[in-house]
Structure formats: C-alpha cells, structure tokens
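The structure appears below as structure tokens.
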Amino acid sequence: MKVLVLNGSPKEVSDTMCLTNSFLKGLNKEKGFEVKVIRLIEKNIKPCLGCFACWKSADGKCIQKDDQNEIMEEYKNADIVIYSFPLYSYAMPSHLKAFVDRLIPFNKMTMKEVNGHVVHAPRVDLSHQNLLFIAGCGFPNFEGNFDGLEIMIKNKFGPKAMTLFVSECPMLNEEEARPLTEPLIKKFELAGEYFAKHLDITPEMKKELETPMLDKNEYIKIVNSL
Ligand SMILES: Cc1cc2nc3c(=O)[nH]c(=O)nc-3n(C[C@H](O)[C@H](O)[C@H](O)COP(=O)(O)O)c2cc1C
C-alpha cells in the first residue's frame, strides 16, 4: 500500500512529525507499506488563482507550472494520505492551505447533495483512500481550539477523514519533558501498528491519543515561567 505523508510543518524539527514518525514506525512493523514523506514547505506551491481553468480544460490540470500537479499525481495513487501539521491561527499553515485549495481539480463544477451536504462531484475517484489528519498545537487543551479545523476537514474531505488533534506539542521535542511525552509517543506507535492491520483508529484510541500530557494549569504555569 502506498502511503503519502504530507508534512505541513515549516520547521526543520517538527513537533507534530514527532508523533507522525512514531505512528509510521508502528505502521512499518507490518510489511507492505511504501511510505513517502513530502515536506510541503520545500515545494513550490503557489496559491490558487481562482480562475477555474482546471474545471474548463479537458485534462483537469492546473495551469500553474509549479510542483502541485506532480504532487497531485502521487496523491491520486496513494492508498493512505496522512496530513501532519501544526495548528496555525485555529487552522492549517498557509502553505498547506494553498496545497489543499489546489486540490480542486480533483472535483468538477457539478454539484450534488450527499446527506444534506452540497459537494462538488469527483472528477477523480479517491473513495478508496484512507485519510488521516494529525494536527498538533501549542495551547493546552480547551474547548473549541480545534473546532474550525475539524469542520473544515469534514466539509472538504468528508466524514471518513480521521483526525487526531494533540495539544501541548512544543513539549514533544524537549529533552526535559521526556517523561511526560514518551508515553504519548509510544501510544502513537501502537496506533500505527493498529492502523496497519485495520486501517482505522478506534474512538477509545483517539480519546487516549488526544488526552493532554499535562494538566492545563500546570502547562500554562510552565510556559509562563520560561
Ligand atoms: C503562526 C503560528 C500560529 C499558531 N497558532 C496556534 C493556534 O491557533 N493554536 C495553538 O494552540 N497553537 C498555535 N501555534 C503553535 C503551534 O501549533 C505549536 O508550536 C506546534 O507545536 C508546532 O508544531 P510543529 O513543530 O509540528 O510545526 C501557532 C504557531 C505559530 C508559529
């Protein structure tokens, strides 16, 4: 199975990738996964021009000659796509958003209603794909932090898209925080192992993976003492 990992962190050492790499370590314990990681910040992906030339042309390709069309070919052929990125302004980083906007050639202008939702009909059938979004953030857990992102993902990618939202991620690459972060990193590895067998994340697993490493007030106290 082809696994495409889209690393949407602009940083060389990504907190979120710390979790994603652990997940991939677990996944790779099972044979048969061919993993490719793309660091989107290194790619030349311009913002969508909004011209809809892709919807007007027969080949459905974007007229912009940058790296997007090539990555979309890999995307099309992937069985599993994992997005790994930090929460920026309660959403995704702008270079990743540009990439997501430019997935529009995968759809046609034609609209249809599915379960009360209006969507554009697919031009490319991606229904076989498993999608997982791993997003990390800097705040401690609080109601609403990931809500905007979650709605965007469900509307854009459909209810099948799996999400893992993790708070307090700047601790993940801090040596001193190892005793707190190690158990979560290990849980991501176990989740990867499970995913390799079932192509799924159970609700119990999701709850565990999203449980903060540290109590909110404790975390705020530490951050404010730095
Ligand atoms: C421009 C910017 C915006 C951010 N916005 C949020 C935010 O809205 N909520 C939040 O909890 N953390 C926010 N953060 C913190 C990052 O999500 C956090 O540092 C994360 O651990 C970085 O992950 P990475 O190393 O994988 O890039 C923001 C950071 C930056 C640089």
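We label chains A, B, ... in the order they appear in the structure tokens, count residues from 1 in each chain, and number ligands from 1 in the order shown.
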Can you tell me which residues come within 10 Å of ligand 1 when counting only C-alpha atoms and all ligand atoms, ideally as a PyMOL selection string? chain A and resi 7-20+84-94+134-142+145-146+149+166-173
Taking 4 positions as the minimum chain separation for residues in the same chain, which residues sit within 8 Å of Arg123 in chain A when counting only C-alpha atoms? Answer as a count of residues only. 4
Write out as a list of chain:residue names the residues lying within 8 Å of Ala53 in chain A, counting only C-alpha atoms and excluding same-chain residues fewer than 5 positions away.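 Non-adjacent residues within range: A:Gly60, A:Lys61, A:Cys62, A:Ile63.
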Would you export the selected residues with N, CA, C and O atoms as a short mmCIF file (atom, residue, chain, number, x, y, z; two decimals), in the first residue's frame, please?
data_model
loop_
_atom_site.label_atom_id
_atom_site.label_comp_id
_atom_site.auth_asym_id
_atom_site.auth_seq_id
_atom_site.Cartn_x
_atom_site.Cartn_y
_atom_site.Cartn_z
N GLY A 60 -8.18 18.65 -16.89
CA GLY A 60 -8.41 18.97 -15.48
C GLY A 60 -7.16 19.37 -14.73
O GLY A 60 -7.12 19.29 -13.51
N LYS A 61 -6.15 19.82 -15.47
CA LYS A 61 -4.90 20.21 -14.79
C LYS A 61 -4.90 21.72 -14.49
O LYS A 61 -5.48 22.52 -15.23
N CYS A 62 -4.17 22.06 -13.44
CA CYS A 62 -3.98 23.47 -13.10
C CYS A 62 -3.03 24.09 -14.11
O CYS A 62 -2.07 23.45 -14.55
N ILE A 63 -3.30 25.34 -14.46
CA ILE A 63 -2.44 25.99 -15.47
C ILE A 63 -1.12 26.47 -14.88
O ILE A 63 -0.19 26.80 -15.60
#
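Nearest residue to Lys197 in chain A among A:Ser22, A:Gln129, A:Asn77, A:Asn28 is A:Asn28, counting only C-alpha atoms.
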Kindly indicate which residue among A:Phe99, A:Phe33, A:Tyr219, A:Tyr83 lies nearest to Leu164 in chain A, using only C-alpha atoms for the distances.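 Closest to Leu164 in chain A, using only C-alpha atoms: A:Tyr83.
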Which polymer residues have any atom within 9 Å of an atom of Leu190 in chain A, counting only C-alpha atoms, with same-chain residues fewer than 6 positions away left out, as a ChimeraX atom specification? /A:22-23,25-27
Could you check which of A:Thr211, A:Glu30, A:Phe157, A:Cys48 is closest to Pro122 in chain A, using only C-alpha atoms?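 The closest residue to Pro122 in chain A is A:Phe157.
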